[in-house]
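S.K.: Below is upload.cif; it holds mmCIF, C-alpha atoms.
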data_protein
#
loop_
_atom_site.label_atom_id
_atom_site.label_comp_id
_atom_site.auth_asym_id
_atom_site.auth_seq_id
_atom_site.Cartn_x
_atom_site.Cartn_y
_atom_site.Cartn_z
CA MET A 115 93.63 137.86 90.29
CA LEU A 116 91.63 135.71 92.72
CA GLY A 117 93.11 134.78 96.08
CA THR A 118 92.73 131.25 97.44
CA LYS A 119 89.63 132.02 99.46
CA GLU A 120 87.99 133.90 96.60
CA ALA A 121 88.69 130.97 94.27
CA TYR A 122 86.83 128.60 96.60
CA LEU A 123 83.93 131.04 96.97
CA SER A 124 83.67 131.26 93.18
CA MET A 125 83.34 127.47 93.07
CA GLY A 126 80.32 127.34 95.36
CA ILE A 127 81.95 127.06 98.78
CA SER A 128 80.39 129.41 101.32
CA GLU A 129 82.56 131.60 103.50
CA LYS A 130 81.46 129.70 106.63
CA THR A 131 82.43 126.34 105.12
CA TYR A 132 85.76 127.68 103.88
CA GLU A 133 86.68 129.18 107.25
CA PHE A 134 85.67 126.03 109.10
CA GLY A 135 87.85 123.95 106.81
CA ALA A 136 90.75 126.37 107.21
CA SER A 137 90.56 126.11 110.99
CA VAL A 138 90.75 122.32 110.77
CA LEU A 139 93.71 122.41 108.37
CA GLU A 140 95.76 124.66 110.61
CA GLU A 141 96.36 121.77 113.01
CA LEU A 142 97.34 119.24 110.31
CA LYS A 143 100.61 120.69 109.00
CA PRO A 144 102.88 118.28 110.98
CA ARG A 145 100.82 115.27 109.79
CA PHE A 146 101.11 116.42 106.19
CA GLU A 147 104.87 116.82 106.49
CA GLU A 148 105.16 113.18 107.62
CA ILE A 149 103.02 112.05 104.67
CA ASP A 150 105.35 113.90 102.30
CA ARG A 151 108.35 112.19 103.91
CA ILE A 152 106.83 108.73 103.32
CA ALA A 153 105.96 109.64 99.74
CA GLU A 154 109.55 110.72 99.12
CA ILE A 155 110.90 107.36 100.36
CA ASN A 156 108.39 105.42 98.26
CA GLN A 157 109.12 107.56 95.21
CA LEU A 158 112.79 106.68 95.43
CA LYS A 159 111.88 103.01 95.88
CA VAL A 160 109.88 102.98 92.64
CA LEU A 161 112.48 104.99 90.75
CA GLY A 162 115.24 102.67 91.95
CA ALA A 163 113.35 99.59 90.76
CA MET A 164 112.77 101.14 87.33
CA GLN A 165 116.42 102.02 86.96
CA LYS A 166 117.61 98.62 88.22
CA ASN A 167 115.45 96.82 85.65
CA GLN A 168 116.54 99.17 82.86
CA VAL A 169 113.13 100.42 81.84
CA SER A 170 113.59 101.73 78.30
CA GLU A 171 111.55 103.37 75.58
CA ALA A 172 111.09 99.92 74.05
CA CYS A 173 109.26 98.84 77.24
CA LEU A 174 106.47 101.30 76.45
CA LEU A 175 105.57 99.88 73.03
CA GLY A 176 103.49 96.84 73.96
CA THR A 177 102.27 93.86 71.96
CA THR A 178 99.14 92.35 70.41
CA GLY A 179 97.96 88.81 69.80
CA TYR A 180 99.55 86.23 72.06
CA GLY A 181 101.97 88.71 73.57
CA TYR A 182 104.97 86.38 73.43
CA ASN A 183 108.24 87.98 74.58
CA ASP A 184 106.55 91.22 75.65
CA LEU A 185 109.57 93.14 76.98
CA GLY A 186 107.54 95.92 78.59
CA ARG A 187 105.12 93.56 80.34
CA ASP A 188 107.88 91.35 81.71
CA THR A 189 109.99 94.32 82.81
CA LEU A 190 107.02 95.93 84.55
CA GLU A 191 106.43 92.72 86.49
CA ALA A 192 110.10 92.71 87.52
CA VAL A 193 109.71 96.33 88.71
CA TYR A 194 106.65 95.39 90.81
CA ALA A 195 108.48 92.39 92.28
CA ASP A 196 111.40 94.60 93.32
CA VAL A 197 109.23 97.37 94.82
CA PHE A 198 107.30 94.79 96.84
CA ARG A 199 110.49 92.79 97.56
CA ALA A 200 108.79 89.68 96.21
CA GLU A 201 109.99 86.73 94.16
CA SER A 202 107.57 87.26 91.31
CA ALA A 203 104.71 89.44 90.07
CA LEU A 204 101.71 89.22 87.76
CA VAL A 205 100.58 92.66 86.53
CA ARG A 206 98.04 92.45 83.74
CA PRO A 207 95.25 94.43 82.04
CA GLN A 208 93.45 91.08 81.71
CA ILE A 209 92.83 91.25 85.49
CA THR A 210 89.70 93.37 85.43
CA CYS A 211 89.43 94.63 89.03
CA GLY A 212 90.48 94.02 92.63
CA THR A 213 87.81 91.37 93.20
CA HIS A 214 89.01 89.54 90.07
CA ALA A 215 92.61 89.67 91.29
CA LEU A 216 91.61 88.25 94.68
CA ALA A 217 89.41 85.55 93.13
CA LEU A 218 92.28 84.62 90.82
CA ALA A 219 94.75 84.33 93.71
CA LEU A 220 92.34 82.22 95.75
CA MET A 221 91.06 79.92 93.02
CA SER A 222 94.55 79.21 91.66
CA ASN A 223 96.03 78.25 95.03
CA LEU A 224 93.16 76.30 96.59
CA ARG A 225 91.98 72.80 95.67
CA PRO A 226 88.91 70.69 96.57
CA GLY A 227 89.10 69.69 100.23
CA ASP A 228 91.17 72.73 101.23
CA GLU A 229 89.92 75.25 103.75
CA LEU A 230 90.16 79.03 103.50
CA LEU A 231 90.44 80.95 106.78
CA SER A 232 89.84 84.65 107.39
CA PRO A 233 91.22 85.58 110.82
CA VAL A 234 90.04 89.20 110.51
CA GLY A 235 86.30 88.68 110.22
CA LYS A 236 83.99 89.01 107.26
CA PRO A 237 85.66 89.79 103.94
CA TYR A 238 84.64 92.59 101.59
CA ASP A 239 81.11 92.20 100.22
CA THR A 240 82.06 91.20 96.66
CA LEU A 241 84.18 88.31 97.98
CA GLU A 242 81.18 86.70 99.65
CA GLU A 243 80.05 85.24 96.33
CA VAL A 244 83.61 84.33 95.34
CA ILE A 245 83.95 82.29 98.53
CA GLY A 246 80.37 81.02 98.54
CA ILE A 247 79.20 82.70 101.75
CA ARG A 248 76.40 83.88 99.49
CA PRO A 249 75.73 81.13 96.92
CA SER A 250 76.97 81.96 93.43
CA LYS A 251 77.93 80.09 90.26
CA GLY A 252 81.58 79.11 90.21
CA SER A 253 82.25 79.93 93.86
CA LEU A 254 84.96 78.23 95.88
CA ALA A 255 82.24 76.41 97.79
CA GLU A 256 80.99 74.83 94.54
CA TYR A 257 84.49 73.45 94.01
CA GLY A 258 84.64 71.88 97.46
CA VAL A 259 86.68 74.55 99.24
CA SER A 260 85.38 75.20 102.76
CA TYR A 261 85.53 78.51 104.59
CA ARG A 262 85.94 79.56 108.18
CA GLN A 263 86.35 82.96 109.79
CA VAL A 264 87.41 84.29 113.17
CA ASP A 265 86.05 87.71 114.03
CA LEU A 266 88.16 90.44 115.51
CA LEU A 267 87.62 91.14 119.20
CA GLU A 268 85.48 94.11 120.20
CA ASP A 269 88.52 96.36 120.56
CA GLY A 270 89.68 95.47 117.02
CA SER A 271 92.49 93.16 118.17
CA PHE A 272 93.09 89.64 116.86
CA ASP A 273 91.41 86.70 118.59
CA PHE A 274 94.61 84.67 118.78
CA GLU A 275 93.06 81.83 120.74
CA GLY A 276 90.15 81.61 118.31
CA ILE A 277 92.58 81.61 115.37
CA ARG A 278 94.64 78.86 116.97
CA LYS A 279 91.53 76.68 117.34
CA ALA A 280 90.34 77.43 113.80
CA ILE A 281 93.54 76.36 112.04
CA CYS A 282 93.25 72.69 111.13
CA GLU A 283 94.87 70.11 108.87
CA ASN A 284 92.87 71.34 105.85
CA THR A 285 93.67 75.03 106.33
CA LYS A 286 95.55 75.80 103.11
CA LEU A 287 95.25 79.57 102.78
CA VAL A 288 94.71 82.46 105.20
CA THR A 289 93.28 85.65 103.71
CA ILE A 290 93.95 88.95 105.49
CA GLN A 291 92.05 92.03 104.40
CA ARG A 292 94.13 95.10 105.18
CA SER A 293 91.44 97.72 104.67
CA LYS A 294 88.12 97.92 106.46
CA GLY A 295 85.78 97.45 103.47
CA TYR A 296 82.20 98.36 104.37
CA GLN A 297 82.92 97.96 108.05
CA THR A 298 83.97 100.36 110.79
CA ARG A 299 86.81 98.22 112.10
CA PRO A 300 90.39 99.52 112.17
CA THR A 301 92.52 99.14 109.07
CA LEU A 302 95.48 96.84 109.71
CA SER A 303 98.99 98.28 109.73
CA VAL A 304 101.73 96.37 107.95
CA ASP A 305 103.31 95.72 111.34
CA ARG A 306 100.09 94.14 112.69
CA ILE A 307 99.73 92.07 109.53
CA GLY A 308 103.27 90.81 110.10
CA GLN A 309 102.44 89.83 113.67
CA LEU A 310 99.38 87.90 112.48
CA ILE A 311 101.33 86.11 109.74
CA SER A 312 104.05 85.10 112.21
CA PHE A 313 101.43 83.72 114.59
CA VAL A 314 99.65 81.75 111.87
CA LYS A 315 102.89 80.28 110.52
CA SER A 316 104.04 79.33 114.03
CA ILE A 317 101.01 77.02 114.11
CA LYS A 318 101.08 75.82 110.48
CA PRO A 319 104.28 76.83 108.65
CA ASP A 320 103.14 75.66 105.21
CA VAL A 321 99.93 77.74 105.14
CA ILE A 322 99.73 80.38 102.40
CA CYS A 323 99.15 83.88 103.78
CA MET A 324 97.48 86.23 101.29
CA VAL A 325 96.90 89.94 101.92
CA ASP A 326 94.21 91.98 100.20
CA ASN A 327 96.27 95.16 99.88
CA CYS A 328 93.62 97.31 98.17
CA TYR A 329 93.85 100.99 99.22
CA GLY A 330 97.01 100.35 101.25
CA GLU A 331 99.87 100.57 98.76
CA PHE A 332 102.44 103.32 99.48
CA VAL A 333 100.67 104.55 102.62
CA GLU A 334 103.61 103.17 104.61
CA THR A 335 107.23 102.65 103.60
CA ILE A 336 106.84 98.86 103.71
CA GLU A 337 104.28 96.46 102.22
CA PRO A 338 102.84 93.16 103.53
CA SER A 339 105.33 91.21 101.42
CA ASP A 340 108.07 92.75 103.59
CA VAL A 341 106.62 91.04 106.67
CA GLY A 342 106.05 87.50 105.42
CA ALA A 343 102.98 87.58 103.14
CA ASP A 344 103.15 84.85 100.49
CA MET A 345 100.82 86.79 98.18
CA VAL A 346 99.87 90.47 98.06
CA VAL A 347 96.96 91.41 95.82
CA GLY A 348 95.53 94.69 94.58
CA SER A 349 93.90 96.76 91.84
CA LEU A 350 95.57 99.17 89.43
CA ILE A 351 92.62 101.57 89.49
CA LYS A 352 93.43 102.15 93.13
CA ASN A 353 96.75 103.34 94.58
CA PRO A 354 99.39 101.66 92.38
CA GLY A 355 97.86 102.83 89.10
CA GLY A 356 98.43 106.44 90.06
CA GLY A 357 95.17 107.47 88.41
CA LEU A 358 96.51 106.68 84.93
CA ALA A 359 95.99 102.91 84.68
CA PRO A 360 92.58 102.40 83.00
CA ILE A 361 92.22 98.77 84.15
CA GLY A 362 94.28 96.00 85.70
CA GLY A 363 95.32 94.20 88.84
CA TYR A 364 98.42 92.70 90.38
CA ILE A 365 99.52 89.68 92.39
CA VAL A 366 103.03 89.68 93.88
CA GLY A 367 104.68 87.16 96.15
CA LYS A 368 106.19 83.70 96.18
CA LYS A 369 107.06 82.40 92.71
CA GLU A 370 104.89 79.28 92.99
CA CYS A 371 101.82 81.21 94.14
CA VAL A 372 102.17 83.76 91.34
CA GLU A 373 102.76 81.05 88.73
CA ASN A 374 99.61 79.27 89.88
CA ALA A 375 97.68 82.51 89.39
CA ALA A 376 99.16 82.99 85.92
CA TYR A 377 98.10 79.50 84.84
CA ARG A 378 94.59 80.19 86.09
CA LEU A 379 94.46 83.59 84.35
CA THR A 380 95.52 82.22 80.97
CA SER A 381 95.78 78.43 80.61
CA PRO A 382 97.72 75.45 81.95
CA GLY A 383 100.91 75.26 79.95
CA LEU A 384 100.84 78.96 79.02
CA GLY A 385 100.90 80.93 82.27
CA LYS A 386 102.83 84.22 82.18
CA GLU A 387 104.14 83.64 78.65
CA VAL A 388 100.98 84.98 76.99
CA GLY A 389 98.88 88.08 77.52
CA ALA A 390 99.40 91.03 75.19
CA SER A 391 99.81 94.45 76.78
CA LEU A 392 97.77 96.13 73.99
CA GLY A 393 99.42 99.56 74.12
CA ILE A 394 98.54 100.12 77.76
CA LEU A 395 102.06 99.99 79.21
CA PRO A 396 102.82 103.75 79.23
CA GLN A 397 99.90 104.30 81.62
CA PHE A 398 100.96 101.36 83.79
CA TYR A 399 104.55 102.56 84.07
CA GLN A 400 103.81 106.25 84.52
CA GLY A 401 100.94 105.57 86.90
CA PHE A 402 103.15 103.39 89.09
CA PHE A 403 105.84 106.09 89.01
CA LEU A 404 103.33 108.73 90.17
CA ALA A 405 101.57 106.44 92.67
CA PRO A 406 103.52 107.43 95.83
CA THR A 407 102.72 111.13 95.32
CA VAL A 408 99.11 110.52 94.27
CA THR A 409 98.58 108.28 97.30
CA ALA A 410 100.01 111.01 99.55
CA GLY A 411 97.45 113.50 98.23
CA ALA A 412 94.61 111.06 98.83
CA LEU A 413 95.91 110.37 102.34
CA LYS A 414 95.91 114.07 103.18
CA GLY A 415 92.30 114.23 102.01
CA ALA A 416 91.32 111.31 104.25
CA ILE A 417 92.96 112.91 107.30
CA PHE A 418 91.30 116.25 106.54
CA ALA A 419 87.90 114.56 106.26
CA ALA A 420 88.43 112.67 109.53
CA ASN A 421 89.29 115.80 111.49
CA LEU A 422 86.59 117.95 109.89
CA TYR A 423 83.71 115.53 110.47
CA GLU A 424 84.97 114.49 113.88
CA ARG A 425 84.86 118.12 114.96
CA LEU A 426 81.24 118.20 113.81
CA GLY A 427 80.43 115.27 116.11
CA PHE A 428 80.20 112.40 113.63
CA PRO A 429 81.89 109.05 114.40
CA VAL A 430 84.88 108.57 112.09
CA VAL A 431 87.19 105.60 111.49
CA PRO A 432 90.09 106.14 111.72
CA ASN A 433 89.71 109.07 114.08
CA GLY A 434 91.49 112.36 113.50
CA LYS A 435 94.60 111.46 115.49
CA GLU A 436 95.16 107.76 114.61
CA SER A 437 97.99 106.56 112.40
CA ARG A 438 96.91 105.76 108.84
CA HIS A 439 97.29 102.48 106.97
CA ASP A 440 95.03 102.99 103.96
CA ILE A 441 93.41 105.91 102.13
CA ILE A 442 89.81 105.18 103.16
CA GLN A 443 87.93 107.37 105.59
CA ALA A 444 84.66 106.14 107.09
CA VAL A 445 82.15 108.67 108.41
CA THR A 446 78.99 107.41 110.11
CA PHE A 447 75.98 109.68 109.64
CA GLY A 448 73.35 107.34 111.12
CA THR A 449 70.80 108.18 108.41
CA PRO A 450 70.53 107.41 104.69
CA GLU A 451 70.03 111.14 104.05
CA GLY A 452 73.49 111.90 105.43
CA VAL A 453 75.18 109.27 103.26
CA ILE A 454 73.33 110.47 100.15
CA ALA A 455 74.06 114.16 100.78
CA PHE A 456 77.76 113.47 101.31
CA CYS A 457 77.98 111.55 98.03
CA GLU A 458 76.08 114.28 96.20
CA GLY A 459 78.66 116.79 97.41
CA ILE A 460 81.58 114.62 96.25
CA GLN A 461 79.97 114.11 92.84
CA SER A 462 79.44 117.85 92.42
CA ALA A 463 83.18 118.36 92.98
CA ALA A 464 84.20 116.00 90.17
CA PRO A 465 85.95 117.00 86.93
CA VAL A 466 83.73 114.54 85.02
CA ASP A 467 79.93 114.30 85.43
CA SER A 468 79.78 116.98 88.12
CA HIS A 469 76.25 117.76 86.90
CA VAL A 470 75.03 114.22 87.65
CA THR A 471 73.21 113.29 90.87
CA PRO A 472 74.21 109.88 92.27
CA GLU A 473 71.44 107.58 93.49
CA PRO A 474 71.44 104.30 95.45
CA TRP A 475 71.06 101.22 93.22
CA ASP A 476 71.22 97.43 93.31
CA MET A 477 74.89 97.04 92.42
CA PRO A 478 76.07 93.50 91.49
CA GLY A 479 77.87 91.69 94.31
CA TYR A 480 76.25 93.59 97.21
CA ASP A 481 73.36 92.67 99.52
CA ALA A 482 71.94 96.20 99.83
CA LYS A 483 71.52 99.25 97.63
CA VAL A 484 74.80 101.13 97.21
CA ILE A 485 75.38 104.77 96.35
CA MET A 486 78.58 105.70 94.55
CA ALA A 487 79.96 109.14 93.75
CA ALA A 488 82.83 109.06 91.28
CA GLY A 489 83.14 111.61 88.51
CA ALA A 490 86.36 110.02 87.36
CA PHE A 491 88.53 109.93 84.24
CA VAL A 492 88.68 106.14 84.70
CA SER A 493 85.29 104.57 85.43
CA GLY A 494 85.16 103.22 88.97
CA SER A 495 88.67 104.42 89.83
CA SER A 496 88.79 104.82 93.60
CA ILE A 497 92.19 106.50 93.69
CA GLU A 498 90.28 109.38 92.11
CA LEU A 499 87.99 111.47 94.31
CA SER A 500 85.14 109.14 95.21
CA ALA A 501 82.76 108.11 97.96
CA ASP A 502 80.37 105.24 98.38
CA GLY A 503 78.41 103.29 100.92
CA PRO A 504 75.62 100.74 101.37
CA ILE A 505 72.25 102.13 102.30
CA LYS A 506 71.94 100.11 105.48
CA GLU A 507 72.81 100.58 109.15
CA PRO A 508 74.92 102.13 110.51
CA TYR A 509 74.64 104.38 107.42
CA ALA A 510 78.32 105.08 107.00
CA VAL A 511 79.99 106.57 103.94
CA TYR A 512 83.47 105.60 102.76
CA PHE A 513 85.52 108.39 101.22
CA GLN A 514 88.77 107.93 99.33
CA GLY A 515 90.99 109.28 96.62
CA GLY A 516 91.78 112.54 94.95
CA LEU A 517 94.51 112.62 92.32
CA THR A 518 95.76 115.83 93.92
CA TRP A 519 95.48 117.17 97.44
CA PRO A 520 93.72 120.40 96.30
CA HIS A 521 91.01 118.34 94.60
CA ALA A 522 90.54 116.13 97.66
CA LYS A 523 90.24 119.25 99.82
CA PHE A 524 87.67 120.79 97.48
CA GLY A 525 85.62 117.59 97.44
CA ILE A 526 85.46 117.42 101.23
CA LEU A 527 84.37 121.05 101.45
CA LYS A 528 81.69 120.42 98.82
CA SER A 529 80.40 117.43 100.80
CA LEU A 530 80.09 119.63 103.88
CA GLU A 531 78.41 122.36 101.83
CA ARG A 532 75.81 119.88 100.61
CA LEU A 533 75.08 118.64 104.14
CA CYS A 534 74.60 122.24 105.24
CA GLU A 535 72.25 122.96 102.32
CA LYS A 536 70.09 119.98 103.32
CA GLY A 537 69.94 121.10 106.95
CA LEU A 538 71.84 118.04 108.17
CA VAL A 539 74.76 120.09 109.54
CA THR A 540 74.87 123.57 111.06
CA LEU A 541 78.15 125.47 111.26
#
Take the structure from the file and write it as structure tokens.

M.R.:
Amino acid sequence: MLGTKEAYLSMGISEKTYEFGASVLEELKPRFEEIDRIAEINQLKVLGAMQKNQVSEACLLGTTGYGYNDLGRDTLEAVYADVFRAESALVRPQITCGTHALALALMSNLRPGDELLSPVGKPYDTLEEVIGIRPSKGSLAEYGVSYRQVDLLEDGSFDFEGIRKAICENTKLVTIQRSKGYQTRPTLSVDRIGQLISFVKSIKPDVICMVDNCYGEFVETIEPSDVGADMVVGSLIKNPGGGLAPIGGYIVGKKECVENAAYRLTSPGLGKEVGASLGILPQFYQGFFLAPTVTAGALKGAIFAANLYERLGFPVVPNGKESRHDIIQAVTFGTPEGVIAFCEGIQSAAPVDSHVTPEPWDMPGYDAKVIMAAGAFVSGSSIELSADGPIKEPYAVYFQGGLTWPHAKFGILKSLERLCEKGLVTL
């Protein structure tokens, strides 16, 4: 029978790489215990919501056609609303991705003449065309919605004075991106998001505060809706889908905001009443049930990657000691070769398409070539072991996911192995 070390060696990890990884892990046991504690609290939260809303076998059956009176769909949305402590929720397979969910939330709650404000700097790349920062058909700009942003200060803190000056009579909605996206700024904790929301509402109480929660769900024991967010938006092929949801997105928050989104998703007069679940509900329910534990495994992988690459001298965000507020780990290599080698290593660790070599390509919605490594059971699922990054300065890669901690660990070791093979790292 193989021991643990021998098992890794049989899978292409050299003894030097294995021992280096083991030395890094030795210091992380207390961090991992805290992650398990948070996962336990969140697991009970999800379980409690499912029991409260009397999830039954009938909820797993689903509907076709119009989807009228879909018990499972409506119950799932009640479960989401309770977990997020929100008034209402929209959780649908008809929401195709995180960008779609965000566009839906924005376009349904903004009208011509309104202004959208981002007080945390530039939004994620794919939202640039949604907003109209980069011209695109059907953007908010084409519908007469203006946009303004206030960058974070150099130390990553909020520019409160700049935000105060930016808020005006037309400011209808403030969008707060929790995660860093393709930037090397700090991810925002739920507590910091709450402070920002309180500040914004002290200036303009009726403004809608929306949080892009992608990659942040279940990392902490509270969510942005616990600290005043009017809408919280995310993707089911990230944390809350638990690796089982094959598509979908969610919007939770104030009833009026969620209803507006439902009318935009389907049709005025129809809203949440239509939208068949098409036999997908078992994956949605079970994925959400598993999400706290799956997120914990991905979080351990991110912390391991931060400490391993930091020890090798590469800039990492967050650093190895910082508190965590999403599952993404940024590592700056400074060269395209480093980004590509890292992604090749992650791809070679995948359960699906491990034999494929990822290459940079002109991906829709981005302004530079992007390389993506994701040998996933669900295409594009970034709660599964994955890594990606734009091929442009500062040449940083963004690592996330791993349905289990052992797989995340193996992927990180394979990334290091590949960098060593290419002569980019010496142990």

S.K.: Any chance you could resolve the PyMOL selection byres ((chain A and resi 534) around 12) against this file and give the residues as a PyMOL selection string?

M.R.: chain A and resi 127-128+130-131+426+452+455-456+459+527-533+535-541

S.K.: Quick one: which residues end up in the PyMOL selection byres ((chain A and resi 377) around 12) for this structure, as JSON, numbers by chain?

M.R.: {"A": [204, 218, 219, 221, 222, 223, 370, 371, 372, 373, 374, 375, 376, 378, 379, 380, 381, 382, 383, 384, 385, 386, 387, 388, 389]}

S.K.: Can you work out which one of A:Cys328, A:Ile336, A:Cys282, A:Ala121 has the shortest atom-to-atom distance to A:Asn156, counting all atoms listed in the file?

M.R.: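 Selected residue with least distance to A:Asn156: A:Ile336.
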
S.K.: I would like the residues chosen by the PyMOL selection byres ((chain A and resi 283) around 12) on the shown file; could you give them as a PyMOL selection string?

M.R.: chain A and resi 227-231+278-282+284-287+317-321

S.K.: Let me see the file: selected residues, C-alpha atoms, as a JSON list (two decimals), in the coordinates of the input.

M.R.:
[["chain", "number", "residue", "atom", "x", "y", "z"],
["A", 227, "GLY", "CA", 89.10, 69.69, 100.23],
["A", 228, "ASP", "CA", 91.17, 72.73, 101.23],
["A", 229, "GLU", "CA", 89.92, 75.25, 103.75],
["A", 230, "LEU", "CA", 90.16, 79.03, 103.50],
["A", 231, "LEU", "CA", 90.44, 80.95, 106.78],
["A", 278, "ARG", "CA", 94.64, 78.86, 116.97],
["A", 279, "LYS", "CA", 91.53, 76.68, 117.34],
["A", 280, "ALA", "CA", 90.34, 77.43, 113.80],
["A", 281, "ILE", "CA", 93.54, 76.36, 112.04],
["A", 282, "CYS", "CA", 93.25, 72.69, 111.13],
["A", 284, "ASN", "CA", 92.87, 71.34, 105.85],
["A", 285, "THR", "CA", 93.67, 75.03, 106.33],
["A", 286, "LYS", "CA", 95.55, 75.80, 103.11],
["A", 287, "LEU", "CA", 95.25, 79.57, 102.78],
["A", 317, "ILE", "CA", 101.01, 77.02, 114.11],
["A", 318, "LYS", "CA", 101.08, 75.82, 110.48],
["A", 319, "PRO", "CA", 104.28, 76.83, 108.65],
["A", 320, "ASP", "CA", 103.14, 75.66, 105.21],
["A", 321, "VAL", "CA", 99.93, 77.74, 105.14]]

S.K.: Excluding A:Gly427 and any residue of its chain fewer than 5 positions from it, enumerate the residues within 12 Å of it, using only C-alpha atoms, and give them as an mmCIF file with C-alpha atoms, in the coordinates of the input.

M.R.:
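What ended up in result.cif:
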data_model
loop_
_atom_site.group_PDB
_atom_site.id
_atom_site.type_symbol
_atom_site.label_atom_id
_atom_site.label_comp_id
_atom_site.auth_asym_id
_atom_site.auth_seq_id
_atom_site.Cartn_x
_atom_site.Cartn_y
_atom_site.Cartn_z
ATOM 1 C CA ALA A 420 88.430 112.670 109.530
ATOM 2 C CA ASN A 421 89.290 115.800 111.490
ATOM 3 C CA LEU A 422 86.590 117.950 109.890
ATOM 4 C CA ASN A 433 89.710 109.070 114.080
ATOM 5 C CA GLY A 434 91.490 112.360 113.500
ATOM 6 C CA VAL A 445 82.150 108.670 108.410
ATOM 7 C CA THR A 446 78.990 107.410 110.110
ATOM 8 C CA PHE A 447 75.980 109.680 109.640
ATOM 9 C CA GLY A 448 73.350 107.340 111.120
ATOM 10 C CA VAL A 539 74.760 120.090 109.540
ATOM 11 C CA THR A 540 74.870 123.570 111.060
ATOM 12 C CA LEU A 541 78.150 125.470 111.260
#
